[in-house]
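Heads up: the structure comes next, in structure tokens.
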Amino acid sequence: MIATIVQWKELGQTVAASVVAGVGITFAFSVGIWGSGQFIELSRNDRPVAATVAGVVGALALLCVAGAVIVGIVVMTQK
Amino acid sequence: MSSDVILVIVVATALAFDFTNGFHDTANVVATSISTGAARPSVAIGFASLLNFVGAFISISVAATVAKDVVNAEVITTTIVFAGLIGAIAWNLITWYFGLPSSSSHALIGGVVGSAVAAAGFDAILAEGLVGKVLVPAVVAPVVAFLVAGFAIGLSYRVVGRQRPGIVTRGYRYGQVISGGLLALAHGTNDAQKTMGVITLALIAAGKLGSEADPPTWVIVASATAIALGTYSGGWRIIKTTGTRIIKMDAAQGFSAQGAGAAVILASTHFGFPLSTTHVINGGVMGSGAAKRLSAVRWGVAGNILVAWLLTLPMAALIGALTYGFTRIFGTGALGPVLVTLMALSLVVAAFARRAQRGAPVTAAGG
């Protein structure tokens, strides 16, 4: 009986969205921190090209976090 | 005239519940930021309060579920809604008094279900909505938050494991401004909507709104304000339980717990599931702790919280049913609700006075 009452589609979408957003944002933010750390470290070691690449990767990851947050809020307001 | 008096009492009681909800759930929103040192208590609570207010305006899906999908609006009266609210507030205050982070949402739904059953039997319950939109998501959501937070923190440690600890801690502390803000927004939108739903249900029961009506603007503004004020006045006892007694967190764990909590609550809100923000964030906190080391979680404290969770629906339902029975002793007029309100206010004042004697709580204003 419960199987017919539960809104499996909505529940499944909720779980999927939670996993993608929860894990994705934490992962992207971690990459952002990694990029910042590597940028500082490599700059100190006089490796400007590698430092720039790490910095760009980190910045892109942080942009992804910002984008995901904005998209999430916009989706929320549209229902 | 009598029904209008009851309606006014119901709206005031619902807003009082909303205030206690914010007060009670402040811990869910700010505990991790405070315990990891990402923000000072006064800043974290003020920020959460503001975003609670904003969050209340971004969706009405949950309000619609509470108003239309849990109990049969055709048999609901304003007195039933009132008794349900008293059940929820009473249980909220009992668990607050003992410092247990139980669910305000389940207390509210339990209270309304209990009073509705006492008044009109089990026919008053919409089993499909109660099971499909409340009970099943209530079980699934904290488990998902636990797994998401655990997986996310495991991944994070792999990514930043070789970085200098200083920059990692600073980075995640900054990140907690975002994750904590999202969590406050999520809390505002899911929890304030429950009050909107209950007031809408009372307005429908009183014949002031059609059965398919959405919450009026004044209801949304009043609910947003009440929860924000409650959050600003937040309870330090529960913050301590969530923030330090379940696990001792580092900033990365705080970020992953808040991120997982916000993701689960926002996704659920989008589909109209009125879940417990308390359960979800505690699931996230435990997940981020267990992923690092199972013994890092103080399972005894977690067990106490679990017991409070299990008791919430039936206890709030019981108090709601008893309250309804008590009001009916005085007939169907406003006398019963007025007497219960006076008694409830006396008990609240007594509880606060007793709590004050045992030690002053740390509030936002007090830092």
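As shown in the structure tokens, the chain order sets the letters A, B, ...; within each chain, residues go from 1, and ligands are also counted from 1 in the order they appear.
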
Mind listing the alpha helix (DSSP H) residues of segment 52-231 of chain B, per DSSP on the backbone, as a PyMOL selection string? chain B and resi 52-55+61-68+78-97+104-120+127-129+136-160+165-205+217-231

Quick one: residues within 12 Å of segment 58-74 of chain A, only C-alpha atoms counted, chain neighbours fewer than 5 positions away excluded, as a PyMOL selection string? (chain A and resi 17-18+20-40+51-53+79) or (chain B and resi 54-55+57-59+159-160+171+174-175+178-179+181-183+185-186+189+259+262-267+269-270)

Create the file for the chosen residues now, containing C-alpha atoms and written as a PDB file, in the first residue's frame.
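As a result, again.pdb now contains:
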```pdb
ATOM      1  CA  ALA A  17      19.250  16.695  -6.665  1.00  0.00           C
ATOM      2  CA  SER A  18      20.476  16.488  -3.061  1.00  0.00           C
ATOM      3  CA  VAL A  20      24.417  16.132  -7.023  1.00  0.00           C
ATOM      4  CA  ALA A  21      24.213  19.517  -5.287  1.00  0.00           C
ATOM      5  CA  GLY A  22      25.504  18.427  -1.864  1.00  0.00           C
ATOM      6  CA  VAL A  23      28.476  16.435  -3.107  1.00  0.00           C
ATOM      7  CA  GLY A  24      29.081  18.595  -6.200  1.00  0.00           C
ATOM      8  CA  ILE A  25      29.245  21.908  -4.356  1.00  0.00           C
ATOM      9  CA  THR A  26      31.504  20.523  -1.610  1.00  0.00           C
ATOM     10  CA  PHE A  27      33.792  18.929  -4.199  1.00  0.00           C
ATOM     11  CA  ALA A  28      33.956  22.093  -6.332  1.00  0.00           C
ATOM     12  CA  PHE A  29      34.642  24.243  -3.281  1.00  0.00           C
ATOM     13  CA  SER A  30      37.409  21.858  -2.205  1.00  0.00           C
ATOM     14  CA  VAL A  31      38.971  22.153  -5.661  1.00  0.00           C
ATOM     15  CA  GLY A  32      38.774  25.938  -5.202  1.00  0.00           C
ATOM     16  CA  ILE A  33      40.699  25.679  -1.932  1.00  0.00           C
ATOM     17  CA  TRP A  34      43.190  23.278  -3.527  1.00  0.00           C
ATOM     18  CA  GLY A  35      43.711  25.754  -6.404  1.00  0.00           C
ATOM     19  CA  SER A  36      44.289  28.653  -4.018  1.00  0.00           C
ATOM     20  CA  GLY A  37      46.730  26.630  -1.916  1.00  0.00           C
ATOM     21  CA  GLN A  38      48.641  25.409  -4.948  1.00  0.00           C
ATOM     22  CA  PHE A  39      48.734  28.923  -6.424  1.00  0.00           C
ATOM     23  CA  ILE A  40      50.354  30.306  -3.253  1.00  0.00           C
ATOM     24  CA  ALA A  51      50.776  28.463 -10.271  1.00  0.00           C
ATOM     25  CA  THR A  52      48.611  30.212 -12.881  1.00  0.00           C
ATOM     26  CA  VAL A  53      47.070  26.914 -14.043  1.00  0.00           C
ATOM     27  CA  LYS A  79       7.540  26.744  -8.482  1.00  0.00           C
TER      28      LYS A  79
ATOM     29  CA  VAL B  54      14.181  36.118   2.964  1.00  0.00           C
ATOM     30  CA  GLY B  55      13.808  32.343   2.590  1.00  0.00           C
ATOM     31  CA  PHE B  57       9.308  34.294   0.422  1.00  0.00           C
ATOM     32  CA  ILE B  58      10.846  31.967  -2.155  1.00  0.00           C
ATOM     33  CA  SER B  59       8.286  29.142  -2.294  1.00  0.00           C
ATOM     34  CA  VAL B 159      41.262  16.902  -2.620  1.00  0.00           C
ATOM     35  CA  VAL B 160      42.787  19.144   0.059  1.00  0.00           C
ATOM     36  CA  GLY B 171      39.006  28.435   3.087  1.00  0.00           C
ATOM     37  CA  TYR B 174      34.828  31.359   4.375  1.00  0.00           C
ATOM     38  CA  GLY B 175      32.842  28.612   2.650  1.00  0.00           C
ATOM     39  CA  ILE B 178      27.911  30.412   1.902  1.00  0.00           C
ATOM     40  CA  SER B 179      26.812  27.011   3.196  1.00  0.00           C
ATOM     41  CA  GLY B 181      23.608  31.156   4.445  1.00  0.00           C
ATOM     42  CA  LEU B 182      22.079  28.534   2.162  1.00  0.00           C
ATOM     43  CA  LEU B 183      21.042  26.484   5.153  1.00  0.00           C
ATOM     44  CA  LEU B 185      17.579  30.251   3.487  1.00  0.00           C
ATOM     45  CA  ALA B 186      16.466  26.614   3.251  1.00  0.00           C
ATOM     46  CA  THR B 189      11.592  28.531   3.218  1.00  0.00           C
ATOM     47  CA  GLY B 259      26.023  21.942   2.265  1.00  0.00           C
ATOM     48  CA  ALA B 262      20.895  22.856   2.503  1.00  0.00           C
ATOM     49  CA  ALA B 263      20.823  20.665  -0.635  1.00  0.00           C
ATOM     50  CA  VAL B 264      18.390  18.168   0.902  1.00  0.00           C
ATOM     51  CA  ILE B 265      16.079  20.817   2.365  1.00  0.00           C
ATOM     52  CA  LEU B 266      15.976  23.001  -0.757  1.00  0.00           C
ATOM     53  CA  ALA B 267      15.351  20.010  -3.053  1.00  0.00           C
ATOM     54  CA  THR B 269      10.995  22.143  -0.463  1.00  0.00           C
ATOM     55  CA  HIS B 270      10.854  22.380  -4.243  1.00  0.00           C
TER      56      HIS B 270
END
```

Spatial neighbours of Val307 of chain B, max dist 9 Å, only C-alpha atoms, sep filter under 5 positions, as an mmCIF file with N, CA and C atoms, in the first residue's frame:
```
data_model
loop_
_atom_site.group_PDB
_atom_site.id
_atom_site.type_symbol
_atom_site.label_atom_id
_atom_site.label_comp_id
_atom_site.auth_asym_id
_atom_site.auth_seq_id
_atom_site.Cartn_x
_atom_site.Cartn_y
_atom_site.Cartn_z
ATOM 1 N N SER B 102 14.720 18.193 18.754
ATOM 2 C CA SER B 102 13.665 17.420 18.079
ATOM 3 C C SER B 102 13.064 18.270 16.963
ATOM 4 N N ALA B 302 23.663 11.077 20.151
ATOM 5 C CA ALA B 302 22.871 10.856 18.935
ATOM 6 C C ALA B 302 21.659 9.980 19.245
ATOM 7 N N THR B 312 8.428 12.542 18.995
ATOM 8 C CA THR B 312 7.820 13.824 18.638
ATOM 9 C C THR B 312 6.413 13.698 18.053
#
```

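The smallest atom-to-atom distance between chain A and any of B:Val280, B:Leu209, B:Ala120, B:Leu229, using only C-alpha atoms, is found for B:Val280.
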
What's around Val113 of chain B at 8 Å? Count only C-alpha atoms, leave out sequence neighbours fewer than 6 positions away in its own chain, and write the answer as a ChimeraX atom specification. /B:70-71,84,125,317,320

In Å, with one decimal, what is the gap from atom CA of Trp309 of chain B to atom CA of Ser103 of chain B?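 About the pair atom CA of Trp309 of chain B and atom CA of Ser103 of chain B: they are 6.5 Å apart.
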
Shortest contact to Tyr324 of chain B, candidates B:Val340, B:Met196, B:Ile9, B:Ala127, atoms counted only C-alpha atoms, goes to B:Val340
